[in-house]
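Here is the file work_10.cif (mmCIF, C-alpha atoms and all ligand atoms).
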```cif
data_start
loop_
_atom_site.label_atom_id
_atom_site.label_comp_id
_atom_site.auth_asym_id
_atom_site.auth_seq_id
_atom_site.Cartn_x
_atom_site.Cartn_y
_atom_site.Cartn_z
CA MET A 22 40.87 31.42 123.45
CA SER A 23 44.03 29.39 122.87
CA TYR A 24 44.52 27.50 119.66
CA ALA A 25 44.46 24.21 121.56
CA SER A 26 41.07 24.82 123.12
CA ALA A 27 39.60 26.09 119.85
CA ALA A 28 40.69 22.86 118.20
CA GLN A 29 38.93 20.67 120.77
CA PRO A 30 36.19 18.69 119.11
CA VAL A 31 32.71 19.73 120.17
CA ALA A 32 31.09 17.00 122.24
CA VAL A 33 28.24 15.54 120.22
CA ASP A 34 25.58 13.02 120.98
CA HIS A 35 25.91 10.29 118.36
CA GLY A 36 22.30 9.27 118.85
CA GLN A 37 19.52 10.96 116.95
CA HIS A 38 20.61 14.45 115.90
CA PRO A 39 17.85 17.03 115.80
CA LEU A 40 16.87 17.70 112.19
CA PRO A 41 17.33 21.17 110.74
CA SER A 42 13.97 22.95 111.01
CA TYR A 43 13.21 22.75 107.30
CA LEU A 44 13.47 18.96 107.50
CA ASP A 45 11.24 18.59 110.54
CA ALA A 46 7.99 16.57 110.32
CA SER A 47 6.22 19.15 112.46
CA ASN A 48 6.68 21.52 109.50
CA LEU A 49 3.57 20.08 107.97
CA GLY A 50 3.26 19.77 104.25
CA PRO A 51 4.33 17.03 101.87
CA TRP A 52 7.78 16.62 103.42
CA GLY A 53 6.17 16.13 106.85
CA ASN A 54 3.93 13.44 105.35
CA TYR A 55 6.92 11.72 103.80
CA LEU A 56 8.80 11.71 107.14
CA GLN A 57 5.81 10.04 108.81
CA GLN A 58 5.84 7.38 106.09
CA VAL A 59 9.55 6.76 106.74
CA ASP A 60 8.92 6.43 110.49
CA ARG A 61 6.42 3.68 109.73
CA VAL A 62 8.97 1.65 107.79
CA ILE A 63 11.95 1.94 110.16
CA PRO A 64 10.79 -0.86 112.51
CA HIS A 65 10.78 -3.22 109.50
CA LEU A 66 14.30 -2.50 108.27
CA GLY A 67 16.25 -4.77 110.61
CA SER A 68 19.94 -3.89 110.84
CA LEU A 69 19.63 -1.47 107.91
CA ALA A 70 17.65 0.84 110.21
CA ARG A 71 21.03 2.14 111.31
CA TRP A 72 21.23 3.98 107.98
CA ALA A 73 17.63 5.23 107.99
CA GLU A 74 18.57 8.79 108.87
CA THR A 75 19.85 9.02 105.27
CA LEU A 76 16.23 8.85 104.09
CA LYS A 77 15.28 11.85 106.22
CA ARG A 78 17.76 14.25 104.69
CA PRO A 79 17.99 15.12 101.00
CA LYS A 80 21.53 14.74 99.71
CA ARG A 81 21.53 18.06 97.86
CA VAL A 82 19.10 20.98 97.62
CA LEU A 83 19.51 23.73 95.04
CA ILE A 84 17.35 26.86 95.26
CA ILE A 85 17.70 29.19 92.31
CA ASP A 86 16.51 32.54 91.09
CA VAL A 87 15.13 32.39 87.54
CA PRO A 88 14.96 35.92 86.06
CA ILE A 89 13.50 36.40 82.57
CA HIS A 90 12.50 39.20 80.24
CA MET A 91 8.71 39.34 80.00
CA ASP A 92 7.00 40.28 76.74
CA ASP A 93 5.99 43.67 78.17
CA GLY A 94 9.63 44.67 78.75
CA THR A 95 9.70 44.05 82.51
CA VAL A 96 11.94 41.51 84.26
CA ALA A 97 10.24 38.80 86.34
CA HIS A 98 11.92 36.58 88.93
CA PHE A 99 10.72 33.05 89.67
CA GLU A 100 11.93 30.72 92.42
CA GLY A 101 13.13 27.33 91.21
CA TYR A 102 14.42 24.18 92.87
CA ARG A 103 16.24 20.96 92.08
CA VAL A 104 16.51 18.48 94.93
CA GLN A 105 18.55 15.28 94.77
CA HIS A 106 17.21 13.22 97.61
CA ASN A 107 19.39 10.14 97.19
CA VAL A 108 21.88 8.87 94.62
CA SER A 109 23.04 5.66 96.30
CA ARG A 110 21.60 3.42 93.55
CA GLY A 111 22.42 5.61 90.55
CA PRO A 112 21.93 9.10 89.17
CA GLY A 113 19.12 11.29 90.45
CA LYS A 114 15.90 10.90 88.47
CA GLY A 115 12.59 12.70 88.58
CA GLY A 116 10.40 15.27 86.94
CA VAL A 117 10.18 19.03 86.85
CA ARG A 118 6.95 20.72 87.88
CA PHE A 119 5.75 24.21 86.96
CA HIS A 120 2.96 25.23 89.33
CA GLN A 121 1.96 28.27 91.36
CA ASP A 122 1.95 26.21 94.61
CA VAL A 123 5.43 24.66 94.27
CA THR A 124 7.40 24.92 97.54
CA LEU A 125 10.67 23.52 98.80
CA SER A 126 8.78 21.13 101.10
CA GLU A 127 6.86 19.80 98.13
CA VAL A 128 9.91 19.33 95.89
CA MET A 129 11.84 17.64 98.71
CA ALA A 130 8.96 15.21 99.29
CA LEU A 131 8.57 14.55 95.57
CA SER A 132 12.31 13.86 95.27
CA ALA A 133 12.16 11.41 98.17
CA TRP A 134 9.14 9.63 96.70
CA MET A 135 11.18 9.28 93.49
CA SER A 136 13.95 7.52 95.45
CA VAL A 137 11.40 5.10 96.87
CA LYS A 138 9.58 4.63 93.54
CA ASN A 139 12.75 4.00 91.53
CA ALA A 140 13.94 1.45 94.07
CA ALA A 141 10.50 -0.19 94.25
CA VAL A 142 10.55 -1.00 90.51
CA ASN A 143 14.31 -1.58 90.72
CA VAL A 144 15.43 0.86 88.03
CA PRO A 145 19.04 1.94 88.68
CA TYR A 146 18.36 5.47 89.84
CA GLY A 147 18.29 7.56 92.95
CA GLY A 148 15.56 10.13 93.42
CA ALA A 149 15.37 13.79 92.44
CA LYS A 150 12.76 16.39 91.56
CA GLY A 151 12.61 19.98 90.42
CA GLY A 152 10.11 22.74 90.09
CA ILE A 153 9.41 26.41 89.59
CA ARG A 154 6.78 28.35 91.52
CA VAL A 155 4.90 29.81 88.55
CA ASP A 156 1.50 29.55 86.92
CA PRO A 157 2.67 28.63 83.42
CA LYS A 158 -0.80 29.33 82.00
CA LYS A 159 -0.08 33.02 82.58
CA LEU A 160 3.08 32.97 80.42
CA SER A 161 3.33 33.40 76.66
CA LEU A 162 5.12 30.66 74.75
CA GLY A 163 8.23 32.85 74.50
CA GLU A 164 8.21 33.55 78.24
CA LEU A 165 7.77 29.85 78.97
CA GLU A 166 10.74 28.99 76.77
CA ARG A 167 12.97 31.67 78.32
CA MET A 168 12.03 30.54 81.83
CA THR A 169 12.66 26.87 81.00
CA ARG A 170 16.04 27.64 79.45
CA ARG A 171 17.22 29.86 82.31
CA TYR A 172 16.06 27.27 84.86
CA THR A 173 17.94 24.52 82.97
CA SER A 174 21.06 26.63 82.76
CA GLU A 175 20.92 27.31 86.53
CA ILE A 176 20.49 23.63 87.46
CA GLY A 177 23.05 22.66 84.77
CA ILE A 178 25.71 22.45 87.46
CA ILE A 179 24.09 19.39 89.01
CA ILE A 180 22.22 17.62 86.16
CA GLY A 181 23.61 15.42 83.39
CA PRO A 182 22.98 12.01 81.81
CA ASN A 183 25.07 10.34 84.53
CA LYS A 184 24.24 12.76 87.35
CA ASP A 185 20.56 13.63 87.44
CA ILE A 186 17.99 13.26 84.66
CA PRO A 187 14.86 15.47 84.71
CA ALA A 188 11.57 14.52 83.03
CA PRO A 189 8.03 15.87 82.67
CA ASP A 190 5.72 16.29 85.65
CA VAL A 191 2.74 18.58 86.35
CA ASN A 192 2.49 21.26 83.59
CA THR A 193 5.67 20.23 81.79
CA ASN A 194 5.70 18.32 78.51
CA GLU A 195 7.73 17.12 75.54
CA GLN A 196 8.36 20.64 74.22
CA ILE A 197 9.74 21.74 77.58
CA MET A 198 11.99 18.66 77.65
CA ALA A 199 13.23 19.58 74.14
CA TRP A 200 14.18 23.08 75.36
CA MET A 201 15.88 21.60 78.43
CA MET A 202 17.84 19.13 76.31
CA ASP A 203 18.86 21.87 73.91
CA THR A 204 19.92 24.30 76.65
CA TYR A 205 22.02 21.69 78.42
CA SER A 206 23.55 20.60 75.09
CA MET A 207 24.36 24.20 74.07
CA ASN A 208 26.06 24.80 77.42
CA THR A 209 28.11 21.60 77.32
CA GLY A 210 28.97 21.81 73.62
CA SER A 211 27.54 18.52 72.37
CA THR A 212 24.09 17.11 71.82
CA SER A 213 23.19 15.14 74.91
CA THR A 214 19.83 13.44 74.47
CA GLY A 215 20.15 11.41 77.68
CA VAL A 216 20.06 14.44 79.98
CA VAL A 217 16.25 14.45 80.10
CA THR A 218 13.52 11.91 79.36
CA GLY A 219 10.00 12.45 78.09
CA LYS A 220 11.40 14.13 74.96
CA PRO A 221 9.71 14.27 71.55
CA ILE A 222 10.21 11.01 69.61
CA ASP A 223 12.29 12.80 66.96
CA LEU A 224 14.77 13.99 69.61
CA GLY A 225 15.50 10.63 71.23
CA GLY A 226 12.18 10.22 73.03
CA SER A 227 10.67 6.79 73.55
CA LEU A 228 7.52 5.35 72.09
CA GLY A 229 5.02 4.69 74.84
CA ARG A 230 6.50 7.23 77.30
CA ARG A 231 3.53 9.62 77.19
CA GLU A 232 1.06 6.85 78.07
CA ALA A 233 3.39 4.97 80.45
CA THR A 234 2.23 6.35 83.81
CA GLY A 235 -1.44 5.73 82.99
CA ARG A 236 -0.62 2.28 81.63
CA GLY A 237 1.22 1.44 84.86
CA VAL A 238 -1.77 2.66 86.93
CA TYR A 239 -4.04 0.40 84.90
CA THR A 240 -1.65 -2.58 85.16
CA VAL A 241 -1.31 -2.53 88.95
CA GLY A 242 -5.04 -1.80 89.26
CA CYS A 243 -5.83 -4.99 87.34
CA GLU A 244 -3.35 -7.01 89.40
CA ALA A 245 -4.83 -5.78 92.69
CA ALA A 246 -8.40 -6.27 91.44
CA HIS A 247 -7.54 -9.87 90.70
CA HIS A 248 -6.21 -10.36 94.27
CA ILE A 249 -9.38 -9.01 95.87
CA GLY A 250 -11.79 -10.69 93.44
CA MET A 251 -12.97 -7.50 91.78
CA GLU A 252 -14.09 -7.61 88.14
CA ILE A 253 -12.79 -4.73 86.00
CA LYS A 254 -15.63 -5.25 83.55
CA GLY A 255 -18.53 -3.22 84.90
CA ALA A 256 -16.50 -1.64 87.75
CA ARG A 257 -17.37 2.01 88.44
CA VAL A 258 -14.34 4.30 88.35
CA ALA A 259 -13.95 7.91 89.53
CA VAL A 260 -10.89 9.84 88.36
CA GLN A 261 -9.43 13.10 89.66
CA GLY A 262 -7.22 14.75 87.02
CA PHE A 263 -7.73 13.82 83.38
CA GLY A 264 -4.37 14.64 81.83
CA ASN A 265 -1.47 12.39 80.99
CA VAL A 266 -2.07 10.06 83.92
CA GLY A 267 -5.80 10.08 84.70
CA GLY A 268 -6.84 10.42 81.06
CA VAL A 269 -4.79 7.45 79.88
CA ALA A 270 -5.72 5.28 82.89
CA GLY A 271 -9.40 6.20 82.39
CA LYS A 272 -9.21 5.25 78.72
CA LEU A 273 -7.58 1.87 79.47
CA PHE A 274 -10.10 1.04 82.20
CA ALA A 275 -12.99 2.02 79.90
CA GLU A 276 -11.57 -0.15 77.10
CA ALA A 277 -11.49 -3.06 79.57
CA GLY A 278 -15.21 -2.60 80.21
CA ALA A 279 -15.16 -0.41 83.34
CA ARG A 280 -17.54 2.56 83.61
CA ILE A 281 -15.87 5.92 84.22
CA VAL A 282 -18.68 7.49 86.26
CA ALA A 283 -17.09 10.70 87.53
CA VAL A 284 -14.16 12.90 86.57
CA GLN A 285 -12.87 15.98 88.34
CA ASP A 286 -10.21 18.45 87.25
CA HIS A 287 -9.36 22.14 87.68
CA SER A 288 -12.30 23.04 85.41
CA GLY A 289 -15.02 21.18 87.33
CA THR A 290 -16.59 17.84 88.21
CA ILE A 291 -18.75 15.76 85.87
CA TYR A 292 -20.85 12.63 86.38
CA GLN A 293 -22.50 10.02 84.19
CA GLY A 294 -23.83 6.94 86.02
CA ALA A 295 -23.95 4.83 82.83
CA GLY A 296 -20.30 5.63 82.16
CA LEU A 297 -18.82 8.64 80.39
CA ASP A 298 -17.98 8.50 76.70
CA VAL A 299 -14.22 8.53 77.34
CA PRO A 300 -12.95 9.05 73.75
CA ALA A 301 -15.34 12.03 73.38
CA LEU A 302 -14.26 13.38 76.78
CA LEU A 303 -10.58 13.12 75.83
CA GLN A 304 -11.32 15.07 72.65
CA HIS A 305 -13.14 17.72 74.70
CA VAL A 306 -10.20 18.03 77.12
CA LEU A 307 -7.80 18.38 74.19
CA ALA A 308 -9.92 21.13 72.68
CA THR A 309 -10.86 23.09 75.83
CA GLY A 310 -8.16 22.24 78.40
CA GLY A 311 -10.51 20.62 80.93
CA VAL A 312 -13.55 18.41 81.54
CA GLY A 313 -15.82 21.37 82.43
CA GLY A 314 -18.51 22.05 79.82
CA PHE A 315 -18.60 18.46 78.51
CA ALA A 316 -22.11 18.13 77.12
CA LYS A 317 -22.79 14.44 77.72
CA ALA A 318 -22.58 14.55 81.54
CA GLU A 319 -24.16 16.06 84.65
CA VAL A 320 -22.26 18.74 86.57
CA MET A 321 -21.50 18.02 90.22
CA ALA A 322 -20.39 20.33 93.03
CA ASN A 323 -16.63 19.84 93.40
CA ASP A 324 -16.72 18.65 97.01
CA THR A 325 -19.29 15.92 96.28
CA PHE A 326 -16.69 14.10 94.16
CA TRP A 327 -15.53 12.28 97.31
CA ASP A 328 -19.04 10.89 97.94
CA VAL A 329 -19.41 9.30 94.49
CA ASP A 330 -20.54 5.69 94.48
CA CYS A 331 -17.67 3.87 92.81
CA ASP A 332 -15.49 0.77 93.08
CA ILE A 333 -12.18 2.33 92.07
CA LEU A 334 -10.99 5.86 92.82
CA ILE A 335 -7.97 7.22 90.95
CA PRO A 336 -6.54 10.46 92.35
CA ALA A 337 -4.30 11.57 89.47
CA ALA A 338 -3.83 15.28 90.15
CA LEU A 339 -1.89 16.83 93.04
CA GLU A 340 -0.82 15.81 96.53
CA GLN A 341 -2.81 16.01 99.79
CA GLN A 342 -6.24 15.50 98.20
CA ILE A 343 -7.42 12.64 100.43
CA THR A 344 -7.22 13.87 103.99
CA ALA A 345 -8.72 13.07 107.40
CA ASP A 346 -11.63 15.34 106.36
CA ASN A 347 -12.82 13.35 103.35
CA ALA A 348 -11.34 9.82 103.79
CA GLY A 349 -14.41 8.73 105.77
CA ARG A 350 -16.70 9.60 102.85
CA ILE A 351 -14.97 7.60 100.12
CA LYS A 352 -17.05 4.67 98.86
CA ALA A 353 -14.46 2.96 96.63
CA ARG A 354 -13.05 -0.47 97.51
CA MET A 355 -9.73 0.41 95.95
CA ILE A 356 -7.75 3.63 95.46
CA ILE A 357 -5.01 3.75 92.83
CA GLU A 358 -2.69 6.71 93.37
CA GLY A 359 -1.83 8.10 89.95
CA ALA A 360 -0.68 11.37 91.56
CA ASN A 361 2.30 11.67 93.88
CA GLY A 362 1.37 12.01 97.54
CA PRO A 363 -2.42 12.35 97.17
CA THR A 364 -3.18 10.70 100.54
CA THR A 365 -2.03 12.05 103.91
CA PRO A 366 -0.85 9.58 106.60
CA ALA A 367 -3.93 10.39 108.73
CA ALA A 368 -6.18 9.57 105.76
CA ASP A 369 -4.21 6.36 105.14
CA ASP A 370 -5.12 5.18 108.66
CA ILE A 371 -8.81 5.95 108.13
CA LEU A 372 -8.84 4.14 104.77
CA GLN A 373 -7.08 1.13 106.25
CA SER A 374 -9.56 0.94 109.14
CA ARG A 375 -12.36 1.02 106.55
CA ASP A 376 -10.76 -1.82 104.54
CA ILE A 377 -10.22 0.33 101.48
CA LEU A 378 -7.19 -0.92 99.58
CA VAL A 379 -4.71 1.84 98.66
CA LEU A 380 -2.26 1.16 95.82
CA PRO A 381 0.36 3.75 96.76
CA ASP A 382 1.92 6.25 94.36
CA VAL A 383 5.40 4.82 94.85
CA ILE A 384 4.36 1.69 92.98
CA ALA A 385 1.12 2.68 91.19
CA ASN A 386 2.53 5.58 89.18
CA ALA A 387 6.01 4.14 88.61
CA GLY A 388 5.21 3.30 84.98
CA GLY A 389 6.31 6.77 83.86
CA VAL A 390 9.80 6.58 85.26
CA THR A 391 10.12 2.97 84.13
CA VAL A 392 9.69 4.00 80.50
CA SER A 393 11.92 7.03 81.19
CA TYR A 394 14.56 4.46 82.08
CA PHE A 395 13.91 2.69 78.76
CA GLU A 396 14.26 6.03 76.99
CA TRP A 397 17.59 6.74 78.69
CA VAL A 398 18.90 3.27 77.83
CA GLN A 399 17.79 3.70 74.19
CA ASP A 400 19.49 7.12 74.03
CA PHE A 401 22.77 5.70 75.32
CA SER A 402 22.74 2.85 72.84
CA SER A 403 21.21 4.90 70.00
CA PHE A 404 19.04 1.90 69.30
CA PHE A 405 15.28 2.33 69.55
CA TRP A 406 12.68 -0.29 70.40
CA ASP A 407 9.17 -0.64 69.02
CA GLU A 408 6.14 0.22 71.12
CA GLU A 409 5.08 -3.38 71.56
CA GLU A 410 8.41 -4.22 73.15
CA ILE A 411 8.29 -1.16 75.39
CA ASN A 412 4.78 -1.88 76.64
CA ALA A 413 5.56 -5.56 77.20
CA ARG A 414 8.68 -4.71 79.23
CA LEU A 415 6.75 -2.08 81.20
CA VAL A 416 3.94 -4.46 82.09
CA LYS A 417 6.43 -7.15 83.10
CA ILE A 418 8.30 -4.81 85.46
CA MET A 419 5.10 -3.40 86.98
CA LYS A 420 3.56 -6.84 87.58
CA HIS A 421 6.76 -8.21 89.07
CA ALA A 422 7.26 -5.21 91.37
CA PHE A 423 3.63 -5.24 92.46
CA ALA A 424 3.69 -8.97 93.21
CA ALA A 425 6.76 -8.51 95.45
CA VAL A 426 5.10 -5.67 97.35
CA TRP A 427 1.86 -7.60 97.69
CA ASP A 428 3.71 -10.56 99.24
CA VAL A 429 5.50 -8.33 101.76
CA ALA A 430 2.19 -6.70 102.73
CA GLN A 431 0.62 -10.12 103.32
CA ASP A 432 3.61 -11.56 105.20
CA GLN A 433 4.22 -8.59 107.44
CA LYS A 434 0.57 -7.52 107.76
CA VAL A 435 1.27 -3.96 106.70
CA SER A 436 -0.33 -1.61 104.19
CA LEU A 437 0.83 -1.71 100.58
CA ARG A 438 2.46 1.70 101.17
CA THR A 439 4.54 0.44 104.06
CA ALA A 440 5.31 -2.75 102.11
CA THR A 441 6.54 -0.71 99.13
CA PHE A 442 8.66 1.42 101.46
CA ILE A 443 10.10 -1.76 103.03
CA VAL A 444 11.13 -3.21 99.66
CA ALA A 445 12.48 0.11 98.36
CA CYS A 446 14.19 1.41 101.50
CA LYS A 447 15.97 -1.90 102.02
CA ARG A 448 17.35 -1.64 98.49
CA ILE A 449 18.43 1.98 98.99
CA LEU A 450 20.01 1.41 102.39
CA HIS A 451 21.71 -1.81 101.33
CA THR A 452 23.57 0.10 98.58
CA ARG A 453 24.25 2.87 101.10
CA GLU A 454 25.88 0.36 103.40
CA LEU A 455 27.83 -1.35 100.59
CA ARG A 456 29.21 1.96 99.37
CA GLY A 457 30.09 3.10 102.88
CA LEU A 458 30.85 6.58 104.07
CA TYR A 459 33.47 8.76 102.41
CA PRO A 460 35.93 9.66 103.84
N1 LIG B 1 7.25 12.88 86.96
C1 LIG B 1 7.10 11.46 86.88
C2 LIG B 1 6.95 10.86 88.25
O1 LIG B 1 6.56 11.54 89.18
C3 LIG B 1 8.17 10.79 86.03
C4 LIG B 1 9.58 11.06 86.43
C5 LIG B 1 10.61 10.53 85.42
O2 LIG B 1 10.22 9.95 84.42
O3 LIG B 1 11.77 10.72 85.70
O4 LIG B 1 7.15 9.69 88.45
#
```

Now, as a test, write the supplied structure out as structure tokens.
Amino acid sequence: MSYASAAQPVAVDHGQHPLPSYLDASNLGPWGNYLQQVDRVIPHLGSLARWAETLKRPKRVLIIDVPIHMDDGTVAHFEGYRVQHNVSRGPGKGGVRFHQDVTLSEVMALSAWMSVKNAAVNVPYGGAKGGIRVDPKKLSLGELERMTRRYTSEIGIIIGPNKDIPAPDVNTNEQIMAWMMDTYSMNTGSTSTGVVTGKPIDLGGSLGRREATGRGVYTVGCEAAHHIGMEIKGARVAVQGFGNVGGVAGKLFAEAGARIVAVQDHSGTIYQGAGLDVPALLQHVLATGGVGGFAKAEVMANDTFWDVDCDILIPAALEQQITADNAGRIKARMIIEGANGPTTPAADDILQSRDILVLPDVIANAGGVTVSYFEWVQDFSSFFWDEEEINARLVKIMKHAFAAVWDVAQDQKVSLRTATFIVACKRILHTRELRGLYP
């Protein structure tokens, strides 16, 4: 082949390029669900739809090997990920998850939902997420620390206070954030508190961060209840997952006079028609690690959780819990998604046809990242706010963001999920267009 012919540009179709197979919606899983959600918003994007392909491809995907010395002298290898879905509006931002079911598809979807969530509440971030496929309950504290530090060191090439800021997610907590902050700081040679959020208060963490996701769930739940004429006082609430998100939301709803009638987590499903004693249940979870074995409740078969008579259902555990198989059984009038991605697109359609209002994850659980933003701002300015101020600012942002999404849903006669995607994707793609392509 002559040089001239080798240099000829390959003829390409500048229409829709086929996606690489790992980005394809037919590869079911959370990423496939996310792509279906994007397809539903594209017709509402007007001229910005020209940039929509951006939303279907993560900007950067890092897959890493995380080898550590185990206590028994062997070496174990774990697979880890950090995905930066979009950084048009600011640095990547999103949690790190340690779970035995973590996959690339899941982390990609979670990173994309972070882009949408951050834009929906208008915090100046793109979207990112990380994870390690590991059951952390099987590790000793020393193994957990070594794994966290090696993972942080490996992703150190793409994170940083102005690049990408991790935070807690499923099975990660303040201690893990402290190790991540320390590892990054040791590697860069100076203490850098702003590299992660969700840190202990004494290391630049923010008051109110631990409760923020649950508080946001409660805030948007109250706003939506007001719109549909539902009283919180006396409302029956079922919660799946009773940790940082479900536990705090459950407590706030109970304090407002709602009855928490059923709770499900990895340890079982419990029921109390008159309303569970939430403070006692939170104590029990703290002591035993789950709701199972709580004395002041009946035990239910796990699958019957979806049949519980309730007004509000709060899935606050993992994704893909509400599917075409159980969406027809749900009795709630309103679902508040504390978890990321708990409802599949097929289930969304069933719920909509049954007039069940879904407050989607990308707005309902945005309270956590909103206070992460406050933490990051406080770290940069080395000036810390009191909890009252933090909660007041959080509630203001959540109410404002929810009101905007509610109006779009009414105007355009779309679900709240599609409305949130419309608001958020327009913001993301507008900055994409303003920045332009380089080169
Ligand atoms: N992991 C949380 C979420 O899914 C919080 C992320 C953050 O604070 O950056 O929204």

Wanna dump the chain A-ligand LIG 1 (chain B) contacts at 6 Å for me, each residue with its shortest atom pair and the distance in Å to one decimal, counting only C-alpha atoms and all ligand atoms, ordered by chain and number, as CSV?
```
residue,atom,partner,partner_atom,distance
A:Lys114,CA,B:LIG1,O3,5.0
A:Gly115,CA,B:LIG1,O3,3.6
A:Gly116,CA,B:LIG1,N1,4.0
A:Pro187,CA,B:LIG1,O3,5.8
A:Ala188,CA,B:LIG1,O3,4.6
A:Pro189,CA,B:LIG1,N1,5.3
A:Asp190,CA,B:LIG1,N1,4.0
A:Ala387,CA,B:LIG1,O4,5.7
A:Gly389,CA,B:LIG1,C3,4.9
A:Val390,CA,B:LIG1,O2,3.5
A:Ser393,CA,B:LIG1,O2,4.7
```

For this session: Extract, using all atoms listed in the file, all DNA, RNA and protein residues at most 9 Å from Asn208 of chain A, discarding same-chain residues fewer than 5 positions from it, and format them as number ranges by chain.
Result: A: 174, 177, 203

Contacts of Ala348 of chain A at 9 Å (all atoms listed in the file; same-chain gap of 2+ positions) as JSON, numbers by chain: {"A": [327, 343, 344, 345, 346, 350, 351, 364, 367, 368, 369, 371, 372]}

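Here atom CA of Leu273 of chain A is placed at a distance of 19.4 Å from atom CA of Val379 of chain A.
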
query = Could you tell me, as JSON, numbers by chain, which residues have any atom at most 7 Å from (-4.4, 15.4, 93.3), counting only C-alpha atoms?
reply = {"A": [261, 262, 336, 337, 338, 339, 340, 341, 342, 360, 363]}

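We find atom CA of Cys446 of chain A and atom CA of Lys184 of chain A to be spaced 20.7 Å apart.
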
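Relative to atom CA of Asn347 of chain A, atom CA of Arg375 of chain A is found at 12.7 Å.
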
Please build the interface table for segment 259-280 of chain A against segment 233-255 of chain A with a cut-off of 9 Å, listing for each qualifying residue the nearest atom pair and the distance in Å to one decimal; count all atoms listed in the file, order rows by chain and increasing number, and write it as JSON lines.
```
{"residue": "A:Asn265", "atom": "CA", "partner": "A:Gly235", "partner_atom": "CA", "distance": 7.0}
{"residue": "A:Val266", "atom": "CA", "partner": "A:Gly235", "partner_atom": "CA", "distance": 4.5}
{"residue": "A:Gly267", "atom": "CA", "partner": "A:Gly235", "partner_atom": "CA", "distance": 6.4}
{"residue": "A:Gly268", "atom": "CA", "partner": "A:Gly235", "partner_atom": "CA", "distance": 7.4}
{"residue": "A:Val269", "atom": "CA", "partner": "A:Gly235", "partner_atom": "CA", "distance": 4.9}
{"residue": "A:Ala270", "atom": "CA", "partner": "A:Gly235", "partner_atom": "CA", "distance": 4.3}
{"residue": "A:Gly271", "atom": "CA", "partner": "A:Gly235", "partner_atom": "CA", "distance": 8.0}
{"residue": "A:Lys272", "atom": "CA", "partner": "A:Gly235", "partner_atom": "CA", "distance": 8.9}
{"residue": "A:Leu273", "atom": "CA", "partner": "A:Tyr239", "partner_atom": "CA", "distance": 6.6}
{"residue": "A:Phe274", "atom": "CA", "partner": "A:Tyr239", "partner_atom": "CA", "distance": 6.7}
{"residue": "A:Ala275", "atom": "CA", "partner": "A:Lys254", "partner_atom": "CA", "distance": 8.6}
{"residue": "A:Ala277", "atom": "CA", "partner": "A:Lys254", "partner_atom": "CA", "distance": 6.1}
{"residue": "A:Gly278", "atom": "CA", "partner": "A:Lys254", "partner_atom": "CA", "distance": 4.3}
{"residue": "A:Ala279", "atom": "CA", "partner": "A:Gly255", "partner_atom": "CA", "distance": 4.7}
{"residue": "A:Arg280", "atom": "CA", "partner": "A:Gly255", "partner_atom": "CA", "distance": 6.0}
```

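Closest approach to Glu408 of chain A among A:Ile281, A:Ala424, A:Leu303, A:Ile222 is made by A:Ile222 (distances from all atoms listed in the file).
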
Across A:Trp134, A:Trp72, A:Phe99, A:Phe326, the smallest distance to Gly147 of chain A, with only C-alpha atoms counted, is shown by A:Trp134

(Q) Give me, as a PyMOL selection string, all polymer residues having an atom no more than 8 Å from Met168 of chain A, counting only C-alpha atoms and skipping those fewer than 5 positions away in the same chain. (A) chain A and resi 87-89

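Using all atoms listed in the file, the shortest contact distance between Met129 of chain A and any of A:Val444, A:Leu83, A:Ala422, A:Met202 is found at A:Leu83.
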
- Mind checking which residues fall within 10 Å of Val82 of chain A, counting only C-alpha atoms, ignoring those fewer than 2 positions away in the same chain, and posting them as an MDAnalysis selection string? chainID A and resid 78:80 84:85 102:106 125 128:129 149:151

Residues of the last selection are to be written out with C-alpha atoms, as an mmCIF file, keeping the file's coordinate frame.
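Below is the file result_29.cif, written as the result:
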```
data_model
loop_
_atom_site.group_PDB
_atom_site.id
_atom_site.type_symbol
_atom_site.label_atom_id
_atom_site.label_comp_id
_atom_site.auth_asym_id
_atom_site.auth_seq_id
_atom_site.Cartn_x
_atom_site.Cartn_y
_atom_site.Cartn_z
ATOM 1 C CA ARG A 78 17.760 14.250 104.690
ATOM 2 C CA PRO A 79 17.990 15.120 101.000
ATOM 3 C CA LYS A 80 21.530 14.740 99.710
ATOM 4 C CA ILE A 84 17.350 26.860 95.260
ATOM 5 C CA ILE A 85 17.700 29.190 92.310
ATOM 6 C CA TYR A 102 14.420 24.180 92.870
ATOM 7 C CA ARG A 103 16.240 20.960 92.080
ATOM 8 C CA VAL A 104 16.510 18.480 94.930
ATOM 9 C CA GLN A 105 18.550 15.280 94.770
ATOM 10 C CA HIS A 106 17.210 13.220 97.610
ATOM 11 C CA LEU A 125 10.670 23.520 98.800
ATOM 12 C CA VAL A 128 9.910 19.330 95.890
ATOM 13 C CA MET A 129 11.840 17.640 98.710
ATOM 14 C CA ALA A 149 15.370 13.790 92.440
ATOM 15 C CA LYS A 150 12.760 16.390 91.560
ATOM 16 C CA GLY A 151 12.610 19.980 90.420
#
```
